[in-house]
>>> print(open('entry07.cif').read())   # mmCIF, C-alpha atoms and all ligand atoms
data_model
loop_
_atom_site.group_PDB
_atom_site.id
_atom_site.type_symbol
_atom_site.label_atom_id
_atom_site.label_comp_id
_atom_site.auth_asym_id
_atom_site.auth_seq_id
_atom_site.Cartn_x
_atom_site.Cartn_y
_atom_site.Cartn_z
ATOM 1 C CA MET M 221 2.203 65.431 -7.474
ATOM 2 C CA GLU M 222 3.515 62.632 -9.669
ATOM 3 C CA VAL M 223 1.928 59.928 -7.547
ATOM 4 C CA LEU M 224 -1.779 60.190 -6.856
ATOM 5 C CA LEU M 225 -3.572 58.311 -4.115
ATOM 6 C CA GLU M 226 -7.223 57.649 -4.897
ATOM 7 C CA SER M 227 -9.986 55.506 -3.491
ATOM 8 C CA GLY M 228 -10.484 52.215 -5.282
ATOM 9 C CA GLY M 229 -13.762 51.535 -3.486
ATOM 10 C CA GLU M 230 -14.455 49.744 -0.241
ATOM 11 C CA CYS M 231 -11.134 49.133 1.614
ATOM 12 C CA VAL M 232 -9.123 49.468 -1.617
ATOM 13 C CA ALA M 233 -6.594 52.171 -2.483
ATOM 14 C CA LEU M 234 -5.524 53.109 -5.984
ATOM 15 C CA VAL M 235 -1.996 54.438 -6.496
ATOM 16 C CA ARG M 236 -1.556 56.165 -9.830
ATOM 17 C CA ILE M 237 1.779 57.229 -11.323
ATOM 18 C CA ASN M 238 1.246 60.463 -13.193
ATOM 19 C CA ARG M 239 4.274 61.848 -14.979
ATOM 20 C CA PRO M 240 3.043 61.851 -18.572
ATOM 21 C CA GLU M 241 5.701 64.173 -19.994
ATOM 22 C CA ALA M 242 8.375 61.539 -19.237
ATOM 23 C CA ARG M 243 6.260 58.441 -19.829
ATOM 24 C CA ASN M 244 6.060 57.868 -16.077
ATOM 25 C CA ALA M 245 9.832 57.474 -15.820
ATOM 26 C CA LEU M 246 10.690 56.809 -12.203
ATOM 27 C CA ASN M 247 12.795 59.783 -11.122
ATOM 28 C CA SER M 248 13.616 60.366 -7.476
ATOM 29 C CA ALA M 249 10.433 62.394 -6.910
ATOM 30 C CA VAL M 250 8.235 59.547 -8.170
ATOM 31 C CA ARG M 251 10.148 56.933 -6.204
ATOM 32 C CA GLU M 252 10.033 58.984 -3.009
ATOM 33 C CA GLN M 253 6.317 59.647 -3.387
ATOM 34 C CA LEU M 254 5.669 55.961 -4.079
ATOM 35 C CA ALA M 255 7.663 55.004 -0.983
ATOM 36 C CA ARG M 256 5.789 57.477 1.226
ATOM 37 C CA THR M 257 2.453 56.325 -0.167
ATOM 38 C CA PHE M 258 3.173 52.667 0.525
ATOM 39 C CA VAL M 259 4.416 53.403 4.067
ATOM 40 C CA GLU M 260 1.145 55.237 4.704
ATOM 41 C CA LEU M 261 -1.007 52.500 3.182
ATOM 42 C CA ALA M 262 0.760 49.760 5.145
ATOM 43 C CA SER M 263 -0.380 51.277 8.436
ATOM 44 C CA ASN M 264 -3.840 52.366 7.319
ATOM 45 C CA ASP M 265 -6.206 49.767 8.790
ATOM 46 C CA ASP M 266 -9.020 50.889 6.494
ATOM 47 C CA ILE M 267 -7.083 49.668 3.464
ATOM 48 C CA ARG M 268 -6.925 45.944 2.784
ATOM 49 C CA CYS M 269 -5.736 45.767 -0.808
ATOM 50 C CA VAL M 270 -3.959 48.156 -3.197
ATOM 51 C CA VAL M 271 -3.856 48.611 -6.959
ATOM 52 C CA VAL M 272 -0.945 50.415 -8.603
ATOM 53 C CA THR M 273 -1.381 51.749 -12.116
ATOM 54 C CA GLY M 274 -0.009 54.200 -14.647
ATOM 55 C CA MET M 275 -1.598 55.808 -17.672
ATOM 56 C CA GLU M 276 -3.362 54.633 -20.800
ATOM 57 C CA LYS M 277 -0.215 54.257 -22.941
ATOM 58 C CA VAL M 278 2.393 53.609 -20.306
ATOM 59 C CA PHE M 279 2.584 51.965 -16.922
ATOM 60 C CA ALA M 280 6.154 53.229 -16.403
ATOM 61 C CA ALA M 281 9.087 53.587 -18.823
ATOM 62 C CA GLY M 282 11.663 52.660 -16.194
ATOM 63 C CA ALA M 283 14.156 54.648 -14.222
ATOM 64 C CA ASP M 284 14.757 58.187 -15.428
ATOM 65 C CA ILE M 285 17.621 57.794 -17.905
ATOM 66 C CA LYS M 286 18.276 61.549 -18.012
ATOM 67 C CA ALA M 287 18.773 61.612 -14.243
ATOM 68 C CA MET M 288 21.273 58.722 -14.411
ATOM 69 C CA ALA M 289 23.196 59.482 -17.583
ATOM 70 C CA ASP M 290 26.110 61.320 -15.927
ATOM 71 C CA ALA M 291 26.038 59.522 -12.595
ATOM 72 C CA GLN M 292 29.126 57.983 -11.023
ATOM 73 C CA PRO M 293 29.016 54.829 -8.867
ATOM 74 C CA ILE M 294 29.272 56.925 -5.692
ATOM 75 C CA ASP M 295 26.255 58.981 -6.804
ATOM 76 C CA MET M 296 24.305 55.770 -7.214
ATOM 77 C CA ILE M 297 25.361 54.556 -3.764
ATOM 78 C CA LEU M 298 24.405 57.885 -2.182
ATOM 79 C CA ARG M 299 21.040 57.949 -3.953
ATOM 80 C CA ALA M 300 20.314 54.635 -2.183
ATOM 81 C CA SER M 301 17.184 54.098 -4.197
ATOM 82 C CA GLU M 302 16.727 50.714 -2.537
ATOM 83 C CA ARG M 303 15.371 52.703 0.438
ATOM 84 C CA ASN M 304 12.466 53.779 -1.748
ATOM 85 C CA TRP M 305 11.817 50.308 -3.136
ATOM 86 C CA GLY M 306 11.781 48.882 0.419
ATOM 87 C CA PRO M 307 8.222 49.909 1.376
ATOM 88 C CA ILE M 308 6.909 48.375 -1.871
ATOM 89 C CA LYS M 309 8.979 45.198 -1.506
ATOM 90 C CA ASP M 310 7.848 44.771 2.097
ATOM 91 C CA PHE M 311 4.265 45.925 1.594
ATOM 92 C CA PRO M 312 2.241 43.515 3.742
ATOM 93 C CA LYS M 313 -1.106 43.728 1.929
ATOM 94 C CA PRO M 314 -1.955 42.359 -1.522
ATOM 95 C CA LEU M 315 -0.742 44.625 -4.304
ATOM 96 C CA ILE M 316 -2.141 44.351 -7.817
ATOM 97 C CA ALA M 317 -0.470 46.043 -10.790
ATOM 98 C CA ALA M 318 -2.894 47.234 -13.477
ATOM 99 C CA VAL M 319 -0.681 47.572 -16.543
ATOM 100 C CA ASN M 320 -1.630 49.416 -19.723
ATOM 101 C CA GLY M 321 1.001 50.159 -22.347
ATOM 102 C CA PHE M 322 4.717 49.966 -21.596
ATOM 103 C CA ALA M 323 6.141 48.432 -18.427
ATOM 104 C CA LEU M 324 9.862 48.794 -19.098
ATOM 105 C CA GLY M 325 12.962 48.448 -16.950
ATOM 106 C CA GLY M 326 12.161 49.786 -13.501
ATOM 107 C CA GLY M 327 8.509 49.879 -14.632
ATOM 108 C CA CYS M 328 8.544 46.145 -15.256
ATOM 109 C CA GLU M 329 10.354 45.708 -11.944
ATOM 110 C CA LEU M 330 7.670 47.756 -10.215
ATOM 111 C CA ALA M 331 4.979 45.516 -11.733
ATOM 112 C CA MET M 332 6.942 42.483 -10.535
ATOM 113 C CA HIS M 333 6.867 43.848 -6.974
ATOM 114 C CA ALA M 334 3.094 43.334 -7.160
ATOM 115 C CA ASP M 335 1.414 40.081 -6.186
ATOM 116 C CA MET M 336 -0.686 39.962 -9.329
ATOM 117 C CA ILE M 337 -0.394 41.685 -12.679
ATOM 118 C CA ILE M 338 -3.469 42.474 -14.754
ATOM 119 C CA ALA M 339 -2.355 43.517 -18.225
ATOM 120 C CA GLY M 340 -4.165 45.108 -21.126
ATOM 121 C CA ALA M 341 -4.037 43.229 -24.431
ATOM 122 C CA SER M 342 -1.621 45.809 -25.882
ATOM 123 C CA ALA M 343 0.658 46.019 -22.858
ATOM 124 C CA LYS M 344 4.370 45.448 -23.435
ATOM 125 C CA PHE M 345 6.943 44.291 -20.915
ATOM 126 C CA ALA M 346 10.735 44.534 -21.186
ATOM 127 C CA GLN M 347 13.978 44.871 -19.288
ATOM 128 C CA PRO M 348 15.792 47.096 -21.798
ATOM 129 C CA GLU M 349 18.573 48.162 -19.401
ATOM 130 C CA ILE M 350 21.123 46.203 -21.446
ATOM 131 C CA ARG M 351 20.470 48.554 -24.369
ATOM 132 C CA VAL M 352 21.541 51.590 -22.346
ATOM 133 C CA GLY M 353 24.611 49.901 -20.924
ATOM 134 C CA ILE M 354 23.383 48.824 -17.506
ATOM 135 C CA ILE M 355 21.562 45.922 -15.903
ATOM 136 C CA PRO M 356 18.308 45.808 -13.931
ATOM 137 C CA GLY M 357 18.809 47.247 -10.452
ATOM 138 C CA ALA M 358 15.501 46.775 -8.662
ATOM 139 C CA GLY M 359 15.249 43.016 -8.593
ATOM 140 C CA GLY M 360 14.695 42.424 -12.309
ATOM 141 C CA THR M 361 17.224 39.635 -12.748
ATOM 142 C CA GLN M 362 15.913 37.778 -9.704
ATOM 143 C CA ARG M 363 12.146 38.338 -9.764
ATOM 144 C CA LEU M 364 11.965 37.646 -13.485
ATOM 145 C CA LEU M 365 13.979 34.438 -13.080
ATOM 146 C CA ARG M 366 11.636 33.276 -10.344
ATOM 147 C CA ALA M 367 8.528 34.228 -12.338
ATOM 148 C CA VAL M 368 9.352 32.760 -15.741
ATOM 149 C CA GLY M 369 12.359 30.455 -15.296
ATOM 150 C CA LYS M 370 15.907 30.653 -16.623
ATOM 151 C CA PHE M 371 15.437 30.345 -20.356
ATOM 152 C CA LYS M 372 12.735 32.981 -20.813
ATOM 153 C CA ALA M 373 14.388 35.305 -18.277
ATOM 154 C CA MET M 374 17.728 35.091 -20.055
ATOM 155 C CA LYS M 375 16.190 36.080 -23.378
ATOM 156 C CA ILE M 376 14.334 39.044 -21.908
ATOM 157 C CA LEU M 377 17.325 40.267 -19.885
ATOM 158 C CA LEU M 378 20.004 39.687 -22.515
ATOM 159 C CA THR M 379 18.130 41.098 -25.516
ATOM 160 C CA GLY M 380 15.989 43.836 -23.966
ATOM 161 C CA GLU M 381 13.267 42.831 -26.432
ATOM 162 C CA MET M 382 9.654 43.618 -25.659
ATOM 163 C CA VAL M 383 7.293 40.859 -24.637
ATOM 164 C CA SER M 384 3.604 41.158 -25.482
ATOM 165 C CA ALA M 385 0.938 40.771 -22.817
ATOM 166 C CA GLN M 386 -0.059 37.440 -24.327
ATOM 167 C CA GLU M 387 3.511 36.108 -24.269
ATOM 168 C CA ALA M 388 3.928 37.439 -20.750
ATOM 169 C CA GLU M 389 0.809 35.601 -19.638
ATOM 170 C CA ALA M 390 1.938 32.365 -21.296
ATOM 171 C CA MET M 391 5.282 32.485 -19.485
ATOM 172 C CA GLY M 392 3.765 33.304 -16.078
ATOM 173 C CA LEU M 393 4.723 36.968 -15.853
ATOM 174 C CA VAL M 394 1.125 38.143 -15.986
ATOM 175 C CA THR M 395 -1.907 36.956 -14.028
ATOM 176 C CA GLU M 396 -4.597 37.867 -16.553
ATOM 177 C CA VAL M 397 -4.811 39.671 -19.893
ATOM 178 C CA VAL M 398 -7.988 41.669 -20.460
ATOM 179 C CA PRO M 399 -9.090 44.248 -23.059
ATOM 180 C CA ASP M 400 -7.153 47.503 -22.583
ATOM 181 C CA ASP M 401 -10.146 49.487 -21.386
ATOM 182 C CA GLU M 402 -11.023 46.885 -18.744
ATOM 183 C CA VAL M 403 -7.655 46.668 -16.991
ATOM 184 C CA LEU M 404 -8.323 49.027 -14.117
ATOM 185 C CA ASP M 405 -11.875 47.808 -13.507
ATOM 186 C CA ARG M 406 -10.703 44.200 -13.425
ATOM 187 C CA ALA M 407 -7.813 44.975 -11.073
ATOM 188 C CA LEU M 408 -10.086 46.966 -8.763
ATOM 189 C CA ALA M 409 -12.765 44.256 -8.790
ATOM 190 C CA LEU M 410 -10.150 41.682 -7.847
ATOM 191 C CA ALA M 411 -8.827 43.972 -5.115
ATOM 192 C CA ARG M 412 -12.316 44.550 -3.722
ATOM 193 C CA SER M 413 -13.030 40.822 -3.652
ATOM 194 C CA ILE M 414 -9.789 40.185 -1.728
ATOM 195 C CA ALA M 415 -10.609 43.088 0.606
ATOM 196 C CA LEU M 416 -13.711 41.194 1.735
ATOM 197 C CA LEU M 417 -11.632 38.211 2.874
ATOM 198 C CA PRO M 418 -10.030 37.838 6.313
ATOM 199 C CA PRO M 419 -7.049 40.241 6.289
ATOM 200 C CA LEU M 420 -4.849 38.268 8.691
ATOM 201 C CA ALA M 421 -5.146 35.123 6.549
ATOM 202 C CA VAL M 422 -4.589 37.205 3.401
ATOM 203 C CA ARG M 423 -1.462 38.731 4.929
ATOM 204 C CA LYS M 424 -0.098 35.325 5.975
ATOM 205 C CA ILE M 425 -0.615 33.870 2.508
ATOM 206 C CA LYS M 426 1.325 36.740 0.933
ATOM 207 C CA GLU M 427 4.126 36.368 3.481
ATOM 208 C CA LEU M 428 4.338 32.596 3.005
ATOM 209 C CA VAL M 429 4.380 32.712 -0.784
ATOM 210 C CA LEU M 430 7.068 35.430 -0.853
ATOM 211 C CA GLN M 431 9.262 34.180 2.002
ATOM 212 C CA GLY M 432 8.633 30.479 1.600
ATOM 213 C CA GLY M 433 9.573 30.447 -2.071
ATOM 214 C CA ASP M 434 13.190 31.149 -1.205
ATOM 215 C CA LEU M 435 13.465 28.668 1.666
ATOM 216 C CA PRO M 436 14.167 24.943 1.548
ATOM 217 C CA LEU M 437 10.823 23.139 1.166
ATOM 218 C CA GLU M 438 10.875 21.540 4.622
ATOM 219 C CA ALA M 439 11.522 24.886 6.340
ATOM 220 C CA ALA M 440 8.808 26.565 4.283
ATOM 221 C CA LEU M 441 6.345 23.820 5.164
ATOM 222 C CA VAL M 442 7.077 24.263 8.879
ATOM 223 C CA MET M 443 6.494 28.008 8.460
ATOM 224 C CA GLU M 444 3.187 27.283 6.710
ATOM 225 C CA ARG M 445 2.102 24.869 9.444
ATOM 226 C CA HIS M 446 2.777 27.418 12.182
ATOM 227 C CA ALA M 447 0.913 30.129 10.319
ATOM 228 C CA PHE M 448 -1.974 27.728 9.696
ATOM 229 C CA GLN M 449 -2.181 26.923 13.415
ATOM 230 C CA LEU M 450 -2.050 30.630 14.273
ATOM 231 C CA MET M 451 -5.148 31.278 12.181
ATOM 232 C CA PHE M 452 -7.149 29.431 14.853
ATOM 233 C CA ALA M 453 -6.413 32.350 17.198
ATOM 234 C CA THR M 454 -8.337 34.717 14.934
ATOM 235 C CA ALA M 455 -11.950 35.777 15.306
ATOM 236 C CA ASP M 456 -12.217 35.574 11.530
ATOM 237 C CA GLN M 457 -11.541 31.808 11.595
ATOM 238 C CA LYS M 458 -14.391 31.340 14.099
ATOM 239 C CA GLU M 459 -16.654 33.626 12.066
ATOM 240 C CA GLY M 460 -15.781 32.029 8.705
ATOM 241 C CA MET M 461 -16.437 28.497 9.864
ATOM 242 C CA GLN M 462 -19.553 29.401 11.891
ATOM 243 C CA ALA M 463 -20.984 31.271 8.893
ATOM 244 C CA PHE M 464 -20.428 28.196 6.714
ATOM 245 C CA ILE M 465 -22.193 25.965 9.234
ATOM 246 C CA GLU M 466 -25.091 28.434 9.582
ATOM 247 C CA LYS M 467 -25.317 28.856 5.791
ATOM 248 C CA ARG M 468 -24.814 32.642 5.863
ATOM 249 C CA SER M 469 -22.224 35.090 4.553
ATOM 250 C CA PRO M 470 -19.313 35.714 6.913
ATOM 251 C CA ASN M 471 -18.547 39.152 8.292
ATOM 252 C CA PHE M 472 -14.785 39.354 8.670
ATOM 253 C CA THR M 473 -13.487 42.000 11.070
ATOM 254 C CA GLY M 474 -9.754 41.551 10.646
ATOM 255 C CA LEU M 475 -9.319 40.277 14.205
HETATM 256 N N1 LIG L 501 13.817 58.186 -18.699
HETATM 257 C C1 LIG L 501 13.763 59.514 -18.985
HETATM 258 N N2 LIG L 501 12.941 60.043 -19.905
HETATM 259 C C2 LIG L 501 12.152 59.203 -20.590
HETATM 260 C C3 LIG L 501 12.140 57.806 -20.339
HETATM 261 C C4 LIG L 501 13.035 57.297 -19.337
HETATM 262 N N3 LIG L 501 13.081 55.998 -18.987
HETATM 263 N N4 LIG L 501 11.246 57.236 -21.178
HETATM 264 C C5 LIG L 501 10.720 58.238 -21.902
HETATM 265 N N5 LIG L 501 11.253 59.419 -21.551
HETATM 266 C C6 LIG L 501 10.984 60.750 -22.102
HETATM 267 C C7 LIG L 501 11.620 60.909 -23.472
HETATM 268 O O1 LIG L 501 12.975 61.260 -23.364
HETATM 269 C C8 LIG L 501 10.770 62.028 -24.047
HETATM 270 O O2 LIG L 501 11.206 63.246 -23.496
HETATM 271 P P1 LIG L 501 11.299 64.590 -24.408
HETATM 272 O O3 LIG L 501 12.094 64.227 -25.608
HETATM 273 O O4 LIG L 501 9.848 64.903 -24.725
HETATM 274 O O5 LIG L 501 11.924 65.586 -23.504
HETATM 275 C C9 LIG L 501 9.376 61.724 -23.487
HETATM 276 O O6 LIG L 501 9.593 60.896 -22.336
HETATM 277 C C10 LIG L 501 8.527 60.956 -24.461
HETATM 278 O O7 LIG L 501 9.249 59.805 -24.853
HETATM 279 P P2 LIG L 501 9.179 59.216 -26.333
HETATM 280 O O8 LIG L 501 9.118 60.334 -27.318
HETATM 281 O O9 LIG L 501 10.251 58.221 -26.460
HETATM 282 O O10 LIG L 501 7.735 58.520 -26.284
HETATM 283 P P3 LIG L 501 7.184 57.298 -27.130
HETATM 284 O O11 LIG L 501 5.739 57.243 -26.791
HETATM 285 O O12 LIG L 501 7.581 57.442 -28.573
HETATM 286 O O13 LIG L 501 7.943 55.999 -26.557
HETATM 287 C C11 LIG L 501 8.733 54.540 -24.781
HETATM 288 C C12 LIG L 501 7.637 55.554 -25.278
HETATM 289 C C13 LIG L 501 8.405 54.241 -23.346
HETATM 290 C C14 LIG L 501 8.648 53.243 -25.619
HETATM 291 C C15 LIG L 501 10.141 55.185 -24.973
HETATM 292 O O14 LIG L 501 10.121 56.479 -24.389
HETATM 293 C C16 LIG L 501 11.247 54.390 -24.321
HETATM 294 O O15 LIG L 501 11.754 53.406 -24.896
HETATM 295 N N6 LIG L 501 11.713 54.848 -23.147
HETATM 296 C C17 LIG L 501 12.892 54.309 -22.477
HETATM 297 C C18 LIG L 501 12.637 52.936 -21.938
HETATM 298 C C19 LIG L 501 13.858 52.353 -21.246
HETATM 299 O O16 LIG L 501 14.947 52.202 -21.820
HETATM 300 N N7 LIG L 501 13.688 52.054 -19.980
HETATM 301 C C20 LIG L 501 14.734 51.449 -19.151
HETATM 302 C C21 LIG L 501 15.422 52.548 -18.405
HETATM 303 S S1 LIG L 501 16.714 51.913 -17.379
HETATM 304 C C22 LIG L 501 18.073 51.190 -9.861
HETATM 305 C C23 LIG L 501 16.929 50.422 -10.016
HETATM 306 C C24 LIG L 501 16.334 50.305 -11.237
HETATM 307 C C25 LIG L 501 16.867 50.935 -12.341
HETATM 308 C C26 LIG L 501 17.994 51.700 -12.185
HETATM 309 C C27 LIG L 501 18.605 51.826 -10.951
HETATM 310 N N8 LIG L 501 18.707 51.281 -8.593
HETATM 311 C C28 LIG L 501 18.239 50.439 -7.489
HETATM 312 C C29 LIG L 501 19.782 52.141 -8.369
HETATM 313 C C30 LIG L 501 16.203 50.785 -13.622
HETATM 314 C C31 LIG L 501 16.773 51.167 -14.785
HETATM 315 C C32 LIG L 501 15.915 51.404 -15.964
HETATM 316 O O17 LIG L 501 14.740 51.272 -15.907
#
>>> encode(input="entry07.cif", output="structure tokens")
Amino acid sequence: MEVLLESGGECVALVRINRPEARNALNSAVREQLARTFVELASNDDIRCVVVTGMEKVFAAGADIKAMADAQPIDMILRASERNWGPIKDFPKPLIAAVNGFALGGGCELAMHADMIIAGASAKFAQPEIRVGIIPGAGGTQRLLRAVGKFKAMKILLTGEMVSAQEAEAMGLVTEVVPDDEVLDRALALARSIALLPPLAVRKIKELVLQGGDLPLEAALVMERHAFQLMFATADQKEGMQAFIEKRSPNFTGL
């Protein structure tokens, strides 16, 4: 198996890409296994937060160049790899990317599908597609633009140059930079802390940030207001506020 599903502790799943001989290049087997894993995790009520990671020296080196080199446009249409990105794009629970080493091309795009990116100090990000004669195909031009703005995105996309973890953090592409050997622990600790929070509110925040960001402000604010009001139908709202009043820790059930 090129994609391993492990426990990340209480209510947290760890998805590990494991194709070392090709630097975790995302061939169809990896993409299909990732898709299946995320479909499974979306409907597993025991899982509240997920961390996706790679290996020590590489998160993922992008799409598999050898599997694309001779492809024709019709091959690319028939491969329909967007079907495999769908379950990650639409994953309803918080997803944290724990990035060590290279996150290149489709690997950088995979990290950008996450809601937070924890990067090791020697991690490197790039969209080097331009150097092999193509362009990003899994949201790179759009998610990068939205994350870092036009002028940084243009440089990364048009040059294919690598960006260090520190630069990535400064431009808003990375949530936190930590020492290389602490990346996974930090990502898992963050995931476990989110897993203790009310899942319906967590889910709504993710939905609002992702959907609302592309709507006109007024429409997004209406969406937020409705979701806010809906929270008062949850048992976790009653429990959270009662626990505060009674000066005790809340016990959120996800209802
Ligand atoms: N594809 C295939 N094989 C790869 C690979 C890749 N992306 N990256 C590495 N490998 C293979 C190498 O060919 C080599 O294989 P052998 O020679 O041993 O058979 C082995 O992994 C070890 O690689 P290196 O010898 O190069 O290892 P280093 O540690 O020296 O360097 C590296 C690691 C990650 C810096 C380097 O391998 C590298 O630059 N890799 C290529 C990075 C790259 O250009 N990535 C962008 C690929 S294009 C789509 C959506 C998205 C995409 C496409 C379509 N659709 C929706 C349709 C995305 C496109 C891309 O990502």
>>> resolve_selection(input="entry07.cif", expression="the PyMOL selection byres (((chain M and resi 257) around 12) and not hetatm)", output="MDAnalysis selection string")
chainID M and resid 221:226 233:237 250:256 258:264 270 272 304:308 311
>>> closest_atom_pairs(input="entry07.cif", of="chain M", to="ligand LIG 501 (chain L)", cutoff="6 Å", atoms="all atoms listed in the file", output="CSV")
residue,atom,partner,partner_atom,distance
M:Glu241,CA,L:LIG501,O6,5.6
M:Ala242,CA,L:LIG501,O6,3.4
M:Arg243,CA,L:LIG501,O6,4.8
M:Ala245,CA,L:LIG501,C4,4.8
M:Ala281,CA,L:LIG501,C13,4.6
M:Gly282,CA,L:LIG501,O17,3.4
M:Ala283,CA,L:LIG501,O17,3.8
M:Asp284,CA,L:LIG501,N1,3.4
M:Ile285,CA,L:LIG501,N1,3.9
M:Lys286,CA,L:LIG501,C1,5.0
M:Met296,CA,L:LIG501,C29,5.9
M:Ser301,CA,L:LIG501,C28,5.0
M:Glu302,CA,L:LIG501,C28,5.2
M:Phe322,CA,L:LIG501,C13,5.9
M:Leu324,CA,L:LIG501,N7,5.1
M:Gly325,CA,L:LIG501,O17,3.5
M:Gly326,CA,L:LIG501,O17,3.8
M:Pro348,CA,L:LIG501,O16,5.2
M:Glu349,CA,L:LIG501,S1,4.6
M:Pro356,CA,L:LIG501,C30,5.4
M:Gly357,CA,L:LIG501,C23,3.7
M:Ala358,CA,L:LIG501,C23,4.1
>>> residues_around(input="entry07.cif", residues="range 337-347 of chain M", least_positions_apart="4", cutoff="6 Å", atoms="only C-alpha atoms", output="count of residues only")
24
>>> atom_distance(input="entry07.cif", atom1="CA of Thr473 in chain M", atom2="CA of Cys231 in chain M")
12.1 Å
>>> residues_near_point(input="entry07.cif", point="(-16.1, 34.7, 7.5)", cutoff="6 Å", atoms="all atoms listed in the file", output="PyMOL selection string")
chain M and resi 456+459-460+470-472
>>> closest_atom_pairs(input="entry07.cif", of="range 223-317 of chain M", to="range 415-430 of chain M", cutoff="9 Å", atoms="all atoms listed in the file", output="tab-separated table")
residue	atom	partner	partner_atom	distance
M:Glu230	CA	M:Ala415	CA	7.7
M:Cys231	CA	M:Ala415	CA	6.2
M:Val232	CA	M:Ala415	CA	6.9
M:Ile267	CA	M:Ala415	CA	8.0
M:Arg268	CA	M:Ala415	CA	5.1
M:Cys269	CA	M:Ala415	CA	5.7
M:Pro312	CA	M:Arg423	CA	6.2
M:Lys313	CA	M:Arg423	CA	5.8
M:Pro314	CA	M:Lys426	CA	7.0
>>> resolve_selection(input="entry07.cif", expression="the PyMOL selection byres (((chain M and resi 365) around 12) and not hetatm)", output="list in words")
Glu329, Met332, Gly359, Gly360, Thr361, Gln362, Arg363, Leu364, Arg366, Ala367, Val368, Gly369, Lys370, Phe371, Lys372, Ala373, Met374, Lys375, Ile376, Leu377, Met391, Gly392 and Leu393 of chain M
>>> write_last_selection(input="entry07.cif", atoms="C-alpha atoms", output="short mmCIF file (atom, residue, chain, number, x, y, z; two decimals), keeping the file's coordinate frame")
data_model
loop_
_atom_site.label_atom_id
_atom_site.label_comp_id
_atom_site.auth_asym_id
_atom_site.auth_seq_id
_atom_site.Cartn_x
_atom_site.Cartn_y
_atom_site.Cartn_z
CA GLU M 329 10.35 45.71 -11.94
CA MET M 332 6.94 42.48 -10.54
CA GLY M 359 15.25 43.02 -8.59
CA GLY M 360 14.70 42.42 -12.31
CA THR M 361 17.22 39.64 -12.75
CA GLN M 362 15.91 37.78 -9.70
CA ARG M 363 12.15 38.34 -9.76
CA LEU M 364 11.96 37.65 -13.48
CA ARG M 366 11.64 33.28 -10.34
CA ALA M 367 8.53 34.23 -12.34
CA VAL M 368 9.35 32.76 -15.74
CA GLY M 369 12.36 30.46 -15.30
CA LYS M 370 15.91 30.65 -16.62
CA PHE M 371 15.44 30.34 -20.36
CA LYS M 372 12.74 32.98 -20.81
CA ALA M 373 14.39 35.30 -18.28
CA MET M 374 17.73 35.09 -20.06
CA LYS M 375 16.19 36.08 -23.38
CA ILE M 376 14.33 39.04 -21.91
CA LEU M 377 17.32 40.27 -19.89
CA MET M 391 5.28 32.48 -19.48
CA GLY M 392 3.76 33.30 -16.08
CA LEU M 393 4.72 36.97 -15.85
#
>>> atom_distance(input="entry07.cif", atom1="CA of Ala334 in chain M", atom2="CA of Leu315 in chain M")
5.0 Å
>>> atom_distance(input="entry07.cif", atom1="CA of Leu330 in chain M", atom2="CA of Asn244 in chain M")
11.8 Å
>>> closest_residue(input="entry07.cif", among="M:Asp401, M:Ser248, M:Leu437, M:Leu408", to="Ala300 in chain M", atoms="only C-alpha atoms")
M:Ser248
>>> closest_residue(input="entry07.cif", among="M:Ala440, M:Met336, M:Asp265, M:Ile354", to="Glu389 in chain M", atoms="only C-alpha atoms")
M:Met336
>>> closest_residue(input="entry07.cif", among="M:Asn238, M:Thr454, M:Ser469, M:Gln431", to="Thr273 in chain M", atoms="only C-alpha atoms")
M:Asn238
>>> closest_residue(input="entry07.cif", among="M:Ala287, M:Ile350, M:Ala439, M:Ala409", to="Ala249 in chain M", atoms="only C-alpha atoms")
M:Ala287
